[in-house]
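Take a look at the structure below.
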Amino acid sequence: MIVAENLVKEFKVTERRPGLLGSLSTLFSRKYRLVRAVSDVCFEIPAGVKAAYIGANGAGKSTTVKMLTGIMTPTSGRALVAGLEPYRERRRNAANIGVVFGQRSQLWWDLPVLDSFRILRRIHDIPDTVYRRNMALYRDLLDLDALGNTPVRQLSLGQRMRAEVAACLVHDPKVIFLDEPTVGLDIVLKGAVRELVNHINAELGTTVLLTSHDIGDISAICDRVLVVNEGEVVHRGSMEELLATADTRAVVFEHRDIGAGPDAAVALIETHLVGASARVVHGGRIRIEYPVACWSARQVMGFLLERFDVVDCVAPEPDLEMVLRRIYTGQPAKRSETVA
């Protein structure tokens with residue numbers, strides 16, 4: 001459904017010289033340098049898949065999405081969305097896709113939200129039954145009626161984002177691109193947006209490509225992950241495969257204090273489990289983080305049972321935020337060749 005073949009996007013940036021004389025000289029003689037925002041990106045997302053396209057700021061996420069939606073033309077390479085090259089067949093592509101950009105609006109700025117939906121209905125020639133079905137769903141999940149007759153320009157960011165998400169879905173697109181769709185929303189409305197996206201995917205088979213810094217959005221919506229770093233895709237596969245690349249795991253346990261206080265317990269753990277770190281967390285529990293190259297979960301558990309009177313012990317799943325932080329800071333996890 002979404003194919004990126006060796007996508008490259010370069011921008012020509014003017015080199016400005018320092019000082020007043022330097023600024024004046026650029027009026028007569030300019031020098032440019034090429035900045036590569038996206039570098040040889042390749043991936044394929046089958047129909048009906050919910051994929052996250054994630055990376056640090058400046059990694060090339062939004063630029064890639066803009067090429068896939070037809071807003072930008074790649075410097076080289078090719079993109080296909082539902083069989084169309086989006087930047088060559090923009091009108092046909094627009095009928096197939098829905099887009100949410102967190103800082104850009106597709107609604108009419110001076111009109112109330114519901115008037116914008118009536119215009120979108122005419123633009124996309126949406127059948128009455130489809131329009132009524134969708135609007136009933138949005139009223140139920142996103143409480144659109146609460147926005148009343150307020151012009152879009154007077155809405156808060158959270159209110160506008162509710163309307164933007166609904167507007168991108170109103171014509172039952174085959175593919176939706178969501179760029180920070182829950183920015184400005186409270187926890188209840190974030191949950192509603194996630195529920196809505198999962199609902200339309202389950203009911204209509206809509207393909208979803210999400211870019212977000214909200215770990216909750218990624219975990220609640222997506223079943224595939226593409227991680228981009230410095231313009232290149234460095235991981236592709238399922239969420240489970242990404243988490244499996246974590247080189248650090250954790251154990252959280254509670255024990256009966258039989259003489260050794262929390263500080264002594266932490267010191268004992270770090271002395272005997274070389275390379276591990278321990279700290280006291282909420283409720284007096286102790287969290288141990290250990291490198292998987294040095295210790296297995298069985299070894300750590302065995303040590304704790306031997307040295308402490310353990311009353312509770314859990315081994316939480318690897319933390320997605322921690323895995324991504326390692327990638328962003330130049331310590332990439334092992335690559336996966338699994339097709340997204």
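In the structure tokens, each chain is lettered A, B, ... as it comes, each chain's residues begin at 1, and ligands are numbered from 1 in order of appearance.
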
* **In region 116-169 of chain A, DSSP alpha helix (DSSP H) residues written as a ChimeraX atom specification** => /A:116-124,128-142,157-169

I need the chosen residues saved as a short mmCIF file (atom, residue, chain, number, x, y, z; two decimals), in the first residue's frame, with C-alpha atoms.
```cif
data_model
loop_
_atom_site.label_atom_id
_atom_site.label_comp_id
_atom_site.auth_asym_id
_atom_site.auth_seq_id
_atom_site.Cartn_x
_atom_site.Cartn_y
_atom_site.Cartn_z
CA SER A 116 -15.87 22.73 7.32
CA PHE A 117 -17.16 19.15 7.41
CA ARG A 118 -20.05 20.06 5.11
CA ILE A 119 -17.55 21.51 2.62
CA LEU A 120 -15.37 18.40 2.85
CA ARG A 121 -18.45 16.31 2.18
CA ARG A 122 -18.96 18.11 -1.14
CA ILE A 123 -15.28 18.07 -2.09
CA HIS A 124 -15.02 14.30 -1.63
CA ASP A 128 -25.13 10.44 2.69
CA THR A 129 -25.02 7.10 4.51
CA VAL A 130 -21.23 7.23 4.88
CA TYR A 131 -21.27 10.86 6.01
CA ARG A 132 -23.97 10.27 8.63
CA ARG A 133 -22.26 7.13 9.91
CA ASN A 134 -18.91 8.86 10.29
CA MET A 135 -20.29 12.02 11.89
CA ALA A 136 -22.22 9.92 14.45
CA LEU A 137 -18.97 8.12 15.31
CA TYR A 138 -17.03 11.39 15.69
CA ARG A 139 -19.77 12.93 17.83
CA ASP A 140 -19.68 9.88 20.08
CA LEU A 141 -15.92 9.53 20.47
CA LEU A 142 -14.65 13.09 20.01
CA LEU A 157 -5.02 23.47 20.05
CA GLY A 158 -6.67 20.44 21.66
CA GLN A 159 -10.11 21.33 20.28
CA ARG A 160 -8.72 21.87 16.80
CA MET A 161 -6.81 18.57 16.83
CA ARG A 162 -10.01 16.67 17.61
CA ALA A 163 -11.59 18.19 14.53
CA GLU A 164 -8.47 17.66 12.39
CA VAL A 165 -8.40 13.91 13.12
CA ALA A 166 -12.09 13.56 12.26
CA ALA A 167 -11.68 15.64 9.09
CA CYS A 168 -8.90 13.41 7.78
CA LEU A 169 -11.14 10.34 8.15
#
```

Can you write out as a Markdown table which residues of region 51-168 of chain A fall within 8 Å of region 29-43 of chain A, alongside each residue's closest atom pair and its distance in Å to one decimal, counting only C-alpha atoms and ordering rows by chain and ascending residue number?
```
| residue | atom | partner | partner_atom | distance |
| --- | --- | --- | --- | --- |
| A:Gly58 | CA | A:Ala37 | CA | 7.8 |
| A:Ala59 | CA | A:Ala37 | CA | 7.3 |
| A:Gly60 | CA | A:Ala37 | CA | 5.4 |
| A:Thr63 | CA | A:Ala37 | CA | 7.1 |
| A:Thr64 | CA | A:Val38 | CA | 6.9 |
| A:Gly77 | CA | A:Asp40 | CA | 7.6 |
```

Written file, previous selection with N, CA and C atoms, as a short mmCIF file (atom, residue, chain, number, x, y, z; two decimals), in the first residue's frame:
```
data_model
loop_
_atom_site.label_atom_id
_atom_site.label_comp_id
_atom_site.auth_asym_id
_atom_site.auth_seq_id
_atom_site.Cartn_x
_atom_site.Cartn_y
_atom_site.Cartn_z
N GLY A 58 14.52 16.22 13.55
CA GLY A 58 15.50 16.39 12.48
C GLY A 58 15.93 15.10 11.83
N ALA A 59 15.28 13.99 12.16
CA ALA A 59 15.68 12.69 11.60
C ALA A 59 15.18 12.49 10.18
N GLY A 60 14.22 13.30 9.73
CA GLY A 60 13.71 13.17 8.37
C GLY A 60 12.30 12.61 8.28
N THR A 63 9.70 15.11 6.51
CA THR A 63 10.06 15.25 5.09
C THR A 63 9.62 14.03 4.31
N THR A 64 9.81 12.84 4.88
CA THR A 64 9.37 11.61 4.22
C THR A 64 7.86 11.61 4.05
N GLY A 77 14.72 8.68 -6.32
CA GLY A 77 13.93 7.60 -5.76
C GLY A 77 12.47 7.74 -6.13
#
```

* To do: Can you list, as a PyMOL selection string, all residues belonging to region 213-285 of chain A that DSSP tags as strand (DSSP E or B)?
  => chain A and resi 224-229+232-238+248-256+277-280

* Identify, on the basis of only C-alpha atoms, every residue whose closest approach to Ser296 (chain A) does not exceed 12 Å; exclude the query and any residue fewer than 5 positions from it along the same chain; express the result as an NGL selection string. => :A and (247-251 or 273 or 276 or 289-291 or 301-303 or 315)

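Distance check against Val314 (chain A) using only C-alpha atoms: of A:Glu254, A:Asp263, A:Glu270, A:Asp125, the minimum falls on A:Glu254.
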
* Do you know which residues are at most 8 Å from Arg287 (chain A) counting only C-alpha atoms, after dropping those on the same chain fewer than 5 positions away, and could you put them as a PyMOL selection string? -> chain A and resi 250-253+278-281

Selection file, N, CA and C atoms, as a PDB file, in the first residue's frame:
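Resulting contents of again.pdb:
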```pdb
ATOM      1  N   ALA A 250      15.323  -5.131  33.119  1.00  0.00           N
ATOM      2  CA  ALA A 250      15.102  -4.684  34.492  1.00  0.00           C
ATOM      3  C   ALA A 250      14.367  -5.736  35.310  1.00  0.00           C
ATOM      4  N   VAL A 251      14.599  -5.680  36.612  1.00  0.00           N
ATOM      5  CA  VAL A 251      13.867  -6.473  37.600  1.00  0.00           C
ATOM      6  C   VAL A 251      13.506  -5.534  38.741  1.00  0.00           C
ATOM      7  N   VAL A 252      12.257  -5.588  39.186  1.00  0.00           N
ATOM      8  CA  VAL A 252      11.813  -4.791  40.329  1.00  0.00           C
ATOM      9  C   VAL A 252      11.350  -5.759  41.404  1.00  0.00           C
ATOM     10  N   PHE A 253      11.902  -5.607  42.638  1.00  0.00           N
ATOM     11  CA  PHE A 253      11.528  -6.559  43.686  1.00  0.00           C
ATOM     12  C   PHE A 253      11.305  -5.845  45.019  1.00  0.00           C
ATOM     13  N   ALA A 278      21.302  -0.270  40.520  1.00  0.00           N
ATOM     14  CA  ALA A 278      20.116  -0.470  41.357  1.00  0.00           C
ATOM     15  C   ALA A 278      19.737   0.844  42.013  1.00  0.00           C
ATOM     16  N   ARG A 279      18.443   1.003  42.253  1.00  0.00           N
ATOM     17  CA  ARG A 279      17.967   2.196  42.952  1.00  0.00           C
ATOM     18  C   ARG A 279      16.647   1.876  43.631  1.00  0.00           C
ATOM     19  N   VAL A 280      16.362   2.631  44.693  1.00  0.00           N
ATOM     20  CA  VAL A 280      15.108   2.466  45.419  1.00  0.00           C
ATOM     21  C   VAL A 280      14.032   3.265  44.696  1.00  0.00           C
ATOM     22  N   VAL A 281      12.896   2.621  44.449  1.00  0.00           N
ATOM     23  CA  VAL A 281      11.787   3.286  43.775  1.00  0.00           C
ATOM     24  C   VAL A 281      10.587   3.352  44.717  1.00  0.00           C
TER      25      VAL A 281
END
```

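The protein and nucleic acid residues lying at most 12 Å from Leu305 (chain A) are Phe253, Glu254, His255, Arg256, Arg298, Gln299, Val311, Asp312 and Cys313 of chain A, with only C-alpha atoms considered and sequence neighbours fewer than 6 positions away removed.
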
* To do: Compile the contact shell of Pro262 (chain A) as a ChimeraX atom specification: residues with an atom at most 8 Å away, counting only C-alpha atoms, same-chain residues fewer than 4 positions apart removed.
  => /A:266,280,284,286

For the contact check between region 199-251 of chain A and region 171-189 of chain A, emit one row per residue of region 199-251 of chain A within 8 Å, containing the shortest atom pair and the distance in Å rounded to one decimal, counting only C-alpha atoms, chain then rising number order, as CSV.
```
residue,atom,partner,partner_atom,distance
A:Leu204,CA,A:Asp172,CA,7.9
A:Gly205,CA,A:Lys174,CA,7.7
A:Thr206,CA,A:Lys174,CA,5.2
A:Thr207,CA,A:Val175,CA,4.7
A:Val208,CA,A:Ile176,CA,5.1
A:Leu209,CA,A:Phe177,CA,5.0
A:Leu210,CA,A:Leu178,CA,4.7
A:Thr211,CA,A:Asp179,CA,4.8
A:Ser212,CA,A:Glu180,CA,4.7
A:His213,CA,A:Glu180,CA,7.2
A:Asp214,CA,A:Glu180,CA,7.8
A:Asp217,CA,A:Thr182,CA,7.9
```

Which polymer residues have any atom within 12 Å of an atom of Ile2 (chain A), counting only C-alpha atoms, with same-chain residues fewer than 3 positions away left out, as a PDB file with C-alpha atoms, in the first residue's frame?
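Contents of around_23.pdb, freshly written:
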```pdb
ATOM      1  CA  GLU A   5      12.150   3.070  -3.011  1.00  0.00           C
ATOM      2  CA  CYS A  42      13.402   2.101   1.586  1.00  0.00           C
ATOM      3  CA  PHE A  43      10.400   0.418   3.153  1.00  0.00           C
ATOM      4  CA  GLU A  44       7.061  -1.189   2.322  1.00  0.00           C
ATOM      5  CA  ILE A  45       3.894  -1.074   4.424  1.00  0.00           C
ATOM      6  CA  PRO A  46       1.210  -3.584   3.352  1.00  0.00           C
ATOM      7  CA  ALA A  47      -2.467  -2.667   3.251  1.00  0.00           C
ATOM      8  CA  GLY A  48      -4.191  -2.646   6.634  1.00  0.00           C
ATOM      9  CA  VAL A  49      -0.997  -2.309   8.694  1.00  0.00           C
ATOM     10  CA  LYS A  50      -0.621   0.316  11.440  1.00  0.00           C
ATOM     11  CA  ALA A  51       2.996   1.446  11.326  1.00  0.00           C
ATOM     12  CA  THR A  64       9.370  11.611   4.225  1.00  0.00           C
ATOM     13  CA  VAL A  65       5.673  12.002   5.044  1.00  0.00           C
ATOM     14  CA  MET A  67       6.867  13.173  -0.070  1.00  0.00           C
ATOM     15  CA  LEU A  68       4.385  10.351   0.546  1.00  0.00           C
ATOM     16  CA  THR A  69       1.479  12.803   0.645  1.00  0.00           C
ATOM     17  CA  ARG A  78      10.236   6.832  -5.940  1.00  0.00           C
ATOM     18  CA  ALA A  79       7.204   6.608  -3.657  1.00  0.00           C
ATOM     19  CA  LEU A  80       3.920   4.792  -4.256  1.00  0.00           C
ATOM     20  CA  VAL A  81       0.759   5.170  -2.170  1.00  0.00           C
ATOM     21  CA  ALA A  82      -2.159   2.929  -3.165  1.00  0.00           C
ATOM     22  CA  GLY A  83      -0.448   2.439  -6.530  1.00  0.00           C
ATOM     23  CA  LEU A  84       0.001   6.158  -7.261  1.00  0.00           C
ATOM     24  CA  GLU A  85       3.062   8.405  -7.240  1.00  0.00           C
ATOM     25  CA  PRO A  86       1.660  11.062  -4.900  1.00  0.00           C
ATOM     26  CA  ASN A  93      -3.823  10.698  -4.389  1.00  0.00           C
ATOM     27  CA  ASN A  96      -7.160   8.107  -1.319  1.00  0.00           C
ATOM     28  CA  ILE A  97      -5.484   9.586   1.742  1.00  0.00           C
ATOM     29  CA  LYS A 174      -7.469   4.024   2.133  1.00  0.00           C
ATOM     30  CA  VAL A 175      -4.386   5.449   3.882  1.00  0.00           C
ATOM     31  CA  ILE A 176      -4.008   7.957   6.706  1.00  0.00           C
ATOM     32  CA  PHE A 177      -0.860   9.839   7.679  1.00  0.00           C
ATOM     33  CA  THR A 206      -7.357   1.531   6.650  1.00  0.00           C
ATOM     34  CA  THR A 207      -3.560   1.653   6.454  1.00  0.00           C
ATOM     35  CA  VAL A 208      -2.006   3.927   9.093  1.00  0.00           C
ATOM     36  CA  LEU A 209       1.387   5.654   9.137  1.00  0.00           C
ATOM     37  CA  ALA A 340       7.331  -3.867   7.951  1.00  0.00           C
TER      38      ALA A 340
END
```

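Rounded to one decimal, CA of Leu243 (chain A) and CA of Lys61 (chain A) lie 20.5 Å from each other.
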
* Structure fact -> Judged by only C-alpha atoms, the minimum distance to Gly237 (chain A) among A:Val323, A:Leu7, A:Ala52, A:Val13 is found for A:Ala52

* Between CA of Gly70 (chain A) and CA of Ile221 (chain A), what is the distance, to one decimal in Å? -> 24.3 Å

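Going from CA of Gly216 (chain A) over to CA of Val292 (chain A), you cover 25.5 Å.
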